[in-house]
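Single-structure report; data block below.
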Amino acid sequence: MPQITVTPGLCLTFHHSISVSSQAHVSAFVTLPSLENFTLWNSDTEGLSSGVTTISLNDYVGQTISFTFNINSTGTCDFNIFDVTLYNRNTFSKQTANGYWNETANWSKGILPEATETVVIAGDAVVPENYIAQADEILVAPSGSLTIADGGQLKHNNQGVEAKVRKSIVPYTEEGGWYLISSPMKNAIEPSESLVSNNFDFYRFNQSVGLEWENYQQHFYLSPYFKLFNGKGNLYANGGNGTNPVVTIEMEGRLQPAGVDVEVPLVYDPSARLAGWNLVGNPFACNAYLTEPRDFYVLNADRNELTISESNVIAPMEGLFVQAADANDNAVTFTANPPQSKSARGALTLNVYEGSSNISGTEVADRAKVRFGNGSALSKFSLNPNGTKLFITRGHQDYAVVSADASGEVPVSFKAERNGTYTISVNPENVEFDYLHLIDTKTGTDVDMLAEPSYTFDAKTTDAVNRFKIVFSVNKTDERAQKTLVE
């Protein structure tokens, strides 16, 4: 039986001649740290029952492979093993206690992989918190495994990479602990025990049912399709065990490659109470972005409140609420690459805080936004109907985001969660103002927000909501401001 000895990086042609008087079995063995494919060919094509055979060895990295084939002719039979292209891949084998991807001692070349490389995982690799691991292709050997820790990210481009992803969460309390989560797995996966350990841990959103939320324990017997789907979001909470301050949830499957944009369909049911709302999620194991500018809600897990996202960056395993404007607004597309925006969109964000004007480090209770130029509106949406709310009313509809012309006024409504003192601040984004005033219609106070960008006031839960209006004029002579007004 011929034994093939090779040098990585070379292409080898092996020729062997054997004399047989009857049918025979011939075996060839290969032991390599890494290679791509193997092709078997017989010079006498009638001598091999299978003719030409190409076998992928990606699943056999680091092992000795045996190929056995029949020779049916008599006399002397020649066969070739050729086009064996061998690659000296940067191979991970766990050498350190942590087994972290970003520790050079774990890699055969002594250096970390680059984004254009094909790498082999032949040990238990962990992408740690606050690290972005990158590779063009990842080949996971039978002896290897890949885990992405909470806060870690992985960007790669090939299909079929098996991995585990983990997320650490604070268990549910009356004050907080709900999360919008998503799966980075290309294949639909069953919820793990960590996701459904209690009766009311795991939900999906459906605008077309009466209460919008469907609980896993109540529905999975009726529907075999209550799974985590790539690009879809779910609502999650965990009651914990009473002693552990952190619970780790885990998902396992085939990762969605970051090199391919993912389109997620949207549903618009005009008869639904929450028509147009869709819970979607980051489909990748790395930061994601929407290819088209769109405002959306994320969940503040500390207080169970949805809030307008301040950033276009969507974290791994994060879910978000988007609103379809109508039946034609039928999809959003996620990308792992930051989109190249033609120009930043001009906006004015209004934040409300509980407490006095000393708001440094104070958490925002709610926010509303005015965009200048063309842009889609975003309705007000909350999981807590009794929470503090800042919103803009138009045509009997409450909005979190509206579009406005360069000059004019916009009514701003406010609803207090409890009697007390509150503060409103303003934050211009990519736009300059000649004039910007906030008027308190209850007290008659007129605040020049260019001179003093916050205003403190007292409010009661019984106050009328139509409390404020902003009057403004954008500086049209400013070149940057002019660009932001053209969408």
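Scheme for the structure tokens: letters A, B, ... for chains in order shown; per-chain residue numbers from 1; ligand numbers from 1 in order shown.
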
Inset, instruction - Give me the residues within 10 Å of A:Arg273 as a list in words, counting only C-alpha atoms and dropping any in the same chain fewer than 3 places off. - result: Gln207, Ser208, Val209, Gly210, Leu211, Glu212, Asp269, Pro270, Gly276 and Trp277 of chain A

Inset, instruction - Give me the residues within 7 Å of A:Phe229 as a PyMOL selection string, counting only C-alpha atoms and dropping any in the same chain fewer than 5 places off. - result: chain A and resi 183+188-189

Legend entry - Spatial neighbours of A:Asn312, max dist 10 Å, only C-alpha atoms, sep filter under 5 positions, as a ChimeraX atom specification: /A:287-291,293-296,338-339

Inset, instruction - Counting only C-alpha atoms, figure out which residue out of A:Glu354, A:Glu292, A:Glu193, A:Asp124 gets nearest to A:Arg418. - result: A:Glu354

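Considering only C-alpha atoms, the residue among A:Thr333, A:Thr423, A:Gln153, A:Gln323 positioned nearest to A:Asp366 is A:Thr423.
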
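Using only C-alpha atoms, the residues found no farther than 8 Å from A:Phe92, other than those of its own chain fewer than 2 positions away, are A:Asn90, A:Lys94, A:Trp101, A:Asn106, A:Trp107, A:Ser108, A:Val119, A:Val120, A:Ile121, A:Ala122, A:Gly123, A:Ala125.
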
Inset, instruction - Could you find all residues in stretch 64-272 of chain A that DSSP calls helix (DSSP H, G or I) from the backbone, and write them as a ChimeraX atom specification? - result: /A:104-106,216-219

Would you mind exporting N, CA and C atoms of the selected residues as a PDB file, in the first residue's frame?
```pdb
ATOM      1  N   THR A 104      -1.765  34.346  20.738  1.00  0.00           N
ATOM      2  CA  THR A 104      -0.939  33.853  19.624  1.00  0.00           C
ATOM      3  C   THR A 104      -0.381  32.458  19.870  1.00  0.00           C
ATOM      4  N   ALA A 105      -0.202  32.081  21.144  1.00  0.00           N
ATOM      5  CA  ALA A 105       0.365  30.758  21.446  1.00  0.00           C
ATOM      6  C   ALA A 105      -0.540  29.628  20.973  1.00  0.00           C
ATOM      7  N   ASN A 106      -1.810  29.927  20.729  1.00  0.00           N
ATOM      8  CA  ASN A 106      -2.747  28.885  20.291  1.00  0.00           C
ATOM      9  C   ASN A 106      -2.718  28.640  18.784  1.00  0.00           C
ATOM     10  N   TYR A 216     -43.734  30.462  24.566  1.00  0.00           N
ATOM     11  CA  TYR A 216     -43.220  29.185  24.065  1.00  0.00           C
ATOM     12  C   TYR A 216     -43.914  27.999  24.719  1.00  0.00           C
ATOM     13  N   GLN A 217     -44.024  28.010  26.048  1.00  0.00           N
ATOM     14  CA  GLN A 217     -44.587  26.859  26.738  1.00  0.00           C
ATOM     15  C   GLN A 217     -46.046  26.635  26.365  1.00  0.00           C
ATOM     16  N   GLN A 218     -46.735  27.707  25.992  1.00  0.00           N
ATOM     17  CA  GLN A 218     -48.141  27.586  25.634  1.00  0.00           C
ATOM     18  C   GLN A 218     -48.343  27.186  24.180  1.00  0.00           C
ATOM     19  N   HIS A 219     -47.346  27.424  23.323  1.00  0.00           N
ATOM     20  CA  HIS A 219     -47.566  27.267  21.888  1.00  0.00           C
ATOM     21  C   HIS A 219     -46.726  26.186  21.221  1.00  0.00           C
TER      22      HIS A 219
END
```

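For stretch 426-470 of chain A, the set of residues given strand (DSSP E or B) by DSSP on the backbone reads Val426, Asn427, Pro428, Glu429, Phe433, Asp434, Tyr435, Leu436, His437, Leu438, Ile439, Asp440, Asp446, Val447, Asp448, Ser454, Tyr455, Thr456, Phe457, Asp458, Ala459, Phe468, Lys469 and Ile470 of chain A.
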
Preceding selection exported with C-alpha atoms as a PDB file, in the first residue's frame:
```pdb
ATOM      1  CA  VAL A 426     -32.061  68.918  23.291  1.00  0.00           C
ATOM      2  CA  ASN A 427     -29.294  67.497  21.126  1.00  0.00           C
ATOM      3  CA  PRO A 428     -28.872  68.772  17.528  1.00  0.00           C
ATOM      4  CA  GLU A 429     -27.360  66.183  15.173  1.00  0.00           C
ATOM      5  CA  PHE A 433     -30.022  76.400  14.143  1.00  0.00           C
ATOM      6  CA  ASP A 434     -30.521  80.133  13.945  1.00  0.00           C
ATOM      7  CA  TYR A 435     -33.407  79.852  16.380  1.00  0.00           C
ATOM      8  CA  LEU A 436     -34.452  77.058  18.756  1.00  0.00           C
ATOM      9  CA  HIS A 437     -36.963  77.623  21.565  1.00  0.00           C
ATOM     10  CA  LEU A 438     -38.898  75.264  23.832  1.00  0.00           C
ATOM     11  CA  ILE A 439     -42.213  76.667  25.061  1.00  0.00           C
ATOM     12  CA  ASP A 440     -43.965  75.259  28.139  1.00  0.00           C
ATOM     13  CA  ASP A 446     -40.103  80.303  26.794  1.00  0.00           C
ATOM     14  CA  VAL A 447     -36.615  78.736  26.861  1.00  0.00           C
ATOM     15  CA  ASP A 448     -33.862  79.625  24.380  1.00  0.00           C
ATOM     16  CA  SER A 454     -32.091  71.878  29.168  1.00  0.00           C
ATOM     17  CA  TYR A 455     -35.270  72.847  30.998  1.00  0.00           C
ATOM     18  CA  THR A 456     -36.480  71.559  34.384  1.00  0.00           C
ATOM     19  CA  PHE A 457     -40.181  71.467  35.262  1.00  0.00           C
ATOM     20  CA  ASP A 458     -42.678  69.882  37.641  1.00  0.00           C
ATOM     21  CA  ALA A 459     -45.298  67.470  36.332  1.00  0.00           C
ATOM     22  CA  PHE A 468     -44.707  71.706  24.999  1.00  0.00           C
ATOM     23  CA  LYS A 469     -43.837  72.911  21.542  1.00  0.00           C
ATOM     24  CA  ILE A 470     -40.492  73.640  19.898  1.00  0.00           C
TER      25      ILE A 470
END
```

Legend entry - Atom pair atom CA of A:Val246 / atom CA of A:Ile148: separation (Å): 17.4 Å

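Taking atom CA of A:Phe226 as the reference point, atom CA of A:Asp201 is found at 13.6 Å.
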
Inset, instruction - Find the residues around A:Glu250 up to 7 Å (only C-alpha atoms counted), leave out those fewer than 4 positions away in its own chain, and share them as a ChimeraX atom specification. - result: /A:164-167,192,194

Inset, instruction - Find the spatial neighbours of A:Val412, counting only C-alpha atoms, within a cut-off of 9 Å - ignore same-chain residues fewer than 4 positions away - and output them as a PyMOL selection string. - result: chain A and resi 368+390-393+465-470

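Residue nearest A:Glu417, chosen from A:Val474, A:Ala325, A:Val262, A:Val352 and counting only C-alpha atoms: A:Val352.
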
Inset, instruction - Within 6 Å of A:Tyr203, counting only C-alpha atoms, which residues show up once you throw out same-chain ones fewer than 4 positions away? Write them as a PyMOL selection string, please. - result: chain A and resi 214-216+234-235

Based on the selection just made, write C-alpha atoms of those residues as a compact mmCIF listing (two decimals), in the first residue's frame.
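Generated file (out_32.txt):
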```txt
# COMPACT_ATOMS: atom_id res chain seq x y z
CA GLU A 214 -47.10 34.11 22.12
CA ASN A 215 -45.41 32.18 24.92
CA TYR A 216 -43.22 29.18 24.06
CA ASN A 234 -37.71 37.11 20.42
CA LEU A 235 -38.54 38.46 23.87
```

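Among the candidate residues A:Ile308, A:Ile424, A:Ala331, A:Leu112, the one lying nearest to A:Leu378 is A:Ile308, with distances computed using only C-alpha atoms.
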
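You can rank A:His396, A:Ile314, A:Val410, A:Gly387 by their closest distance to A:Thr461 using only C-alpha atoms, and at the top of that list sits A:Gly387.
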